[in-house]
Amino acid sequence: MNRRRRLTAVLVGTAVAVVGGASLAEALPGGPWASSSSPQAVNFAGWKPAGYSYGSWQGYKEDAGRGSRIQDWSASRAVSGYNGGDRGAFTQHDWYSNGNYCYVSSWSDAGGGISCQTGWHGHGSSNSGSNASSSWKYWETWNGVDPTGNSGRGQMKTCWNVVSAPDTCASGSYLRGAKYDD
């Protein structure tokens, strides 16, 4: 890629240069989930709500730095007046890719078999940091998705960090990224 084209791509936000200029990551359509004026809420122990979060997610095609991924820039905060102690609001991210998922289904001295499934496949879960303050705190969270798939999605949920018990989370909708196999 010539220098002028790379600079133009970076300036318009459609690409992110990787150190050394060896490869580019192409940003795919993404968008917000909730907003600062209408955040996703989580309830806990009679407090309705106890915390909030919102964010903006983005998918990226393969690059040499982080690979094909979906990432989210989220913000979280506790409700003013709630005595949360060491608890706080955070965003839970569940990551998926769509496409063929192939695996060895049998093995013997005579040979082996491979089976493939199509559809959405989970690629783990990751959480933002927790925030017990009533001021917004911002996080970047990402996870790789299968580069042999054709698209990715995530589910973002506002959660409350509960000490010595399971965390409680609001339900979140699935956000689908654009195709990344073109």
# chains A, B, ... in the order shown; residues from 1 in each chain; ligands from 1
>>> residues_around(residues="Ser173 of chain A", least_positions_apart="4", cutoff="9 Å", atoms="only C-alpha atoms", output="list in words")
Trp33, Gly154, Gln155, Met156 and Lys157 of chain A
>>> residues_around(residues="segment 39-51 of chain A", least_positions_apart="4", cutoff="10 Å", atoms="only C-alpha atoms", output="short mmCIF file (atom, residue, chain, number, x, y, z; two decimals) with N, CA, C and O atoms, in the first residue's frame")
data_model
loop_
_atom_site.label_atom_id
_atom_site.label_comp_id
_atom_site.auth_asym_id
_atom_site.auth_seq_id
_atom_site.Cartn_x
_atom_site.Cartn_y
_atom_site.Cartn_z
N TRP A 33 -24.28 0.21 21.76
CA TRP A 33 -25.30 -0.56 22.48
C TRP A 33 -25.58 0.27 23.73
O TRP A 33 -24.68 0.58 24.49
N ALA A 34 -26.77 0.72 23.87
CA ALA A 34 -27.18 1.67 24.91
C ALA A 34 -26.41 2.98 24.69
O ALA A 34 -25.68 3.14 23.71
N SER A 35 -26.56 3.93 25.60
CA SER A 35 -25.88 5.23 25.49
C SER A 35 -25.75 5.83 26.88
O SER A 35 -26.37 5.35 27.83
N GLY A 55 -21.88 1.18 25.68
CA GLY A 55 -20.65 1.09 24.92
C GLY A 55 -20.84 1.18 23.43
O GLY A 55 -21.95 1.40 22.93
N ALA A 75 -18.38 1.85 29.12
CA ALA A 75 -18.31 2.68 30.31
C ALA A 75 -19.26 2.08 31.34
O ALA A 75 -20.31 1.55 30.99
N SER A 76 -18.87 2.14 32.61
CA SER A 76 -19.74 1.64 33.67
C SER A 76 -19.66 2.57 34.87
O SER A 76 -18.70 3.31 35.04
N ARG A 77 -20.72 2.51 35.69
CA ARG A 77 -20.75 3.30 36.92
C ARG A 77 -21.79 2.72 37.87
O ARG A 77 -22.73 2.06 37.44
N ALA A 78 -21.60 2.96 39.15
CA ALA A 78 -22.58 2.57 40.17
C ALA A 78 -23.59 3.71 40.34
O ALA A 78 -23.32 4.85 39.95
N VAL A 79 -24.73 3.40 40.92
CA VAL A 79 -25.74 4.43 41.19
C VAL A 79 -25.28 5.26 42.37
O VAL A 79 -24.83 4.72 43.39
N SER A 80 -25.39 6.54 42.26
CA SER A 80 -25.01 7.45 43.34
C SER A 80 -25.86 7.14 44.57
O SER A 80 -27.07 6.96 44.48
N GLY A 81 -25.21 7.02 45.74
CA GLY A 81 -25.92 6.74 46.98
C GLY A 81 -25.94 5.28 47.38
O GLY A 81 -26.22 4.95 48.52
N TYR A 82 -25.64 4.38 46.43
CA TYR A 82 -25.61 2.96 46.78
C TYR A 82 -24.29 2.66 47.47
O TYR A 82 -23.23 2.99 46.97
N ASN A 83 -24.36 2.04 48.66
CA ASN A 83 -23.15 1.70 49.41
C ASN A 83 -22.68 0.33 48.96
O ASN A 83 -22.97 -0.68 49.58
N GLY A 84 -21.97 0.30 47.84
CA GLY A 84 -21.54 -0.95 47.24
C GLY A 84 -20.27 -1.52 47.82
O GLY A 84 -19.89 -2.63 47.48
N GLY A 88 -19.21 -3.32 42.34
CA GLY A 88 -19.32 -2.30 41.31
C GLY A 88 -19.93 -2.85 40.04
O GLY A 88 -20.12 -4.06 39.88
N ALA A 89 -20.24 -1.95 39.12
CA ALA A 89 -20.80 -2.32 37.83
C ALA A 89 -19.67 -2.63 36.85
O ALA A 89 -18.61 -2.03 36.91
N PHE A 90 -19.92 -3.59 35.96
CA PHE A 90 -18.98 -3.91 34.89
C PHE A 90 -19.76 -4.45 33.70
O PHE A 90 -20.96 -4.72 33.80
N THR A 91 -19.09 -4.57 32.56
CA THR A 91 -19.71 -5.12 31.36
C THR A 91 -19.16 -6.50 31.09
O THR A 91 -17.94 -6.68 31.06
N ASN A 131 -16.42 -0.95 38.46
CA ASN A 131 -16.40 0.43 38.93
C ASN A 131 -17.47 0.64 39.99
O ASN A 131 -18.66 0.55 39.70
N ALA A 132 -17.06 0.94 41.23
CA ALA A 132 -17.99 1.20 42.33
C ALA A 132 -18.29 2.69 42.49
O ALA A 132 -19.08 3.08 43.34
N SER A 133 -17.67 3.53 41.67
CA SER A 133 -17.87 4.97 41.73
C SER A 133 -19.13 5.36 40.95
O SER A 133 -19.56 4.66 40.04
N SER A 134 -19.71 6.52 41.28
CA SER A 134 -20.87 7.01 40.52
C SER A 134 -20.44 7.80 39.29
O SER A 134 -21.28 8.29 38.54
N MET A 156 -23.35 -7.99 25.04
CA MET A 156 -22.86 -7.16 26.12
C MET A 156 -23.94 -7.05 27.19
O MET A 156 -25.10 -6.77 26.89
N LYS A 157 -23.54 -7.31 28.44
CA LYS A 157 -24.49 -7.28 29.56
C LYS A 157 -23.90 -6.44 30.69
O LYS A 157 -22.73 -6.57 31.02
N THR A 158 -24.73 -5.62 31.30
CA THR A 158 -24.34 -4.88 32.49
C THR A 158 -24.46 -5.82 33.68
O THR A 158 -25.49 -6.47 33.87
N CYS A 159 -23.40 -5.90 34.48
CA CYS A 159 -23.38 -6.81 35.63
C CYS A 159 -22.97 -6.07 36.90
O CYS A 159 -22.39 -4.99 36.84
N TRP A 160 -23.28 -6.69 38.03
CA TRP A 160 -22.89 -6.15 39.33
C TRP A 160 -21.98 -7.17 39.99
O TRP A 160 -22.32 -8.35 40.09
N ASN A 161 -20.82 -6.71 40.43
CA ASN A 161 -19.82 -7.55 41.07
C ASN A 161 -20.26 -7.85 42.50
O ASN A 161 -20.25 -6.97 43.35
N VAL A 162 -20.65 -9.09 42.76
CA VAL A 162 -21.14 -9.50 44.08
C VAL A 162 -20.02 -10.25 44.81
O VAL A 162 -19.46 -11.20 44.29
N ASP A 167 -22.13 -13.20 40.41
CA ASP A 167 -22.48 -11.87 39.95
C ASP A 167 -23.88 -11.89 39.34
O ASP A 167 -24.33 -12.91 38.83
N THR A 168 -24.55 -10.77 39.40
CA THR A 168 -25.87 -10.66 38.78
C THR A 168 -25.74 -9.79 37.54
O THR A 168 -25.02 -8.80 37.54
N CYS A 169 -26.42 -10.18 36.45
CA CYS A 169 -26.32 -9.46 35.18
C CYS A 169 -27.70 -9.18 34.61
O CYS A 169 -28.62 -9.96 34.77
N ALA A 170 -27.80 -8.06 33.91
CA ALA A 170 -29.00 -7.76 33.13
C ALA A 170 -28.95 -8.59 31.86
O ALA A 170 -27.88 -9.04 31.45
N SER A 171 -30.08 -8.79 31.23
CA SER A 171 -30.05 -9.49 29.94
C SER A 171 -29.52 -8.52 28.89
O SER A 171 -29.73 -7.32 28.97
N GLY A 172 -28.80 -9.05 27.93
CA GLY A 172 -28.25 -8.21 26.87
C GLY A 172 -28.61 -8.78 25.52
O GLY A 172 -28.79 -9.99 25.37
#
>>> closest_residue(among="A:Gly129, A:Gly149, A:Gly124, A:Gly31", to="Arg87 of chain A", atoms="only C-alpha atoms")
A:Gly129
>>> residues_around(residues="Val104 of chain A", least_positions_apart="3", cutoff="9 Å", atoms="only C-alpha atoms", output="ChimeraX atom specification")
/A:107,112-116
>>> atom_distance(atom1="atom CA of Leu175 of chain A", atom2="atom CA of Gly152 of chain A")
8.8 Å
>>> closest_atom_pairs(of="segment 51-78 of chain A", to="segment 138-141 of chain A", cutoff="6 Å", atoms="only C-alpha atoms", output="Markdown table")
| residue | atom | partner | partner_atom | distance |
| --- | --- | --- | --- | --- |
| A:Gln71 | CA | A:Thr141 | CA | 5.6 |
| A:Asp72 | CA | A:Thr141 | CA | 5.3 |
| A:Trp73 | CA | A:Glu140 | CA | 4.5 |
| A:Ser74 | CA | A:Trp139 | CA | 5.3 |
| A:Ala75 | CA | A:Tyr138 | CA | 4.3 |
>>> closest_residue(among="A:Ser128, A:Pro166, A:Asn143, A:Tyr174", to="Gly59 of chain A", atoms="only C-alpha atoms")
A:Asn143
>>> residues_around(residues="Ser97 of chain A", least_positions_apart="3", cutoff="9 Å", atoms="only C-alpha atoms", output="ChimeraX atom specification")
/A:119-123,145-147,149-154
>>> closest_residue(among="A:Trp142, A:Pro32, A:Ser125, A:Trp136", to="Asp94 of chain A", atoms="only C-alpha atoms")
A:Ser125
>>> residues_around(residues="Thr118 of chain A", least_positions_apart="6", cutoff="9 Å", atoms="only C-alpha atoms", output="JSON, numbers by chain")
{"A": [98, 99, 100, 101, 102]}
>>> write_last_selection(atoms="N, CA and C atoms", output="PDB file, in the first residue's frame")
ATOM      1  N   ASN A  98     -19.421 -16.893  13.227  1.00  0.00           N
ATOM      2  CA  ASN A  98     -20.335 -17.689  12.430  1.00  0.00           C
ATOM      3  C   ASN A  98     -19.578 -18.301  11.260  1.00  0.00           C
ATOM      4  N   GLY A  99     -19.886 -19.537  10.947  1.00  0.00           N
ATOM      5  CA  GLY A  99     -19.248 -20.203   9.820  1.00  0.00           C
ATOM      6  C   GLY A  99     -19.041 -21.672  10.125  1.00  0.00           C
ATOM      7  N   ASN A 100     -18.180 -22.290   9.363  1.00  0.00           N
ATOM      8  CA  ASN A 100     -17.869 -23.699   9.578  1.00  0.00           C
ATOM      9  C   ASN A 100     -16.929 -23.863  10.756  1.00  0.00           C
ATOM     10  N   TYR A 101     -17.239 -24.810  11.605  1.00  0.00           N
ATOM     11  CA  TYR A 101     -16.379 -25.184  12.720  1.00  0.00           C
ATOM     12  C   TYR A 101     -16.076 -26.660  12.519  1.00  0.00           C
ATOM     13  N   CYS A 102     -14.844 -26.980  12.149  1.00  0.00           N
ATOM     14  CA  CYS A 102     -14.485 -28.359  11.819  1.00  0.00           C
ATOM     15  C   CYS A 102     -13.588 -28.948  12.903  1.00  0.00           C
TER      16      CYS A 102
END
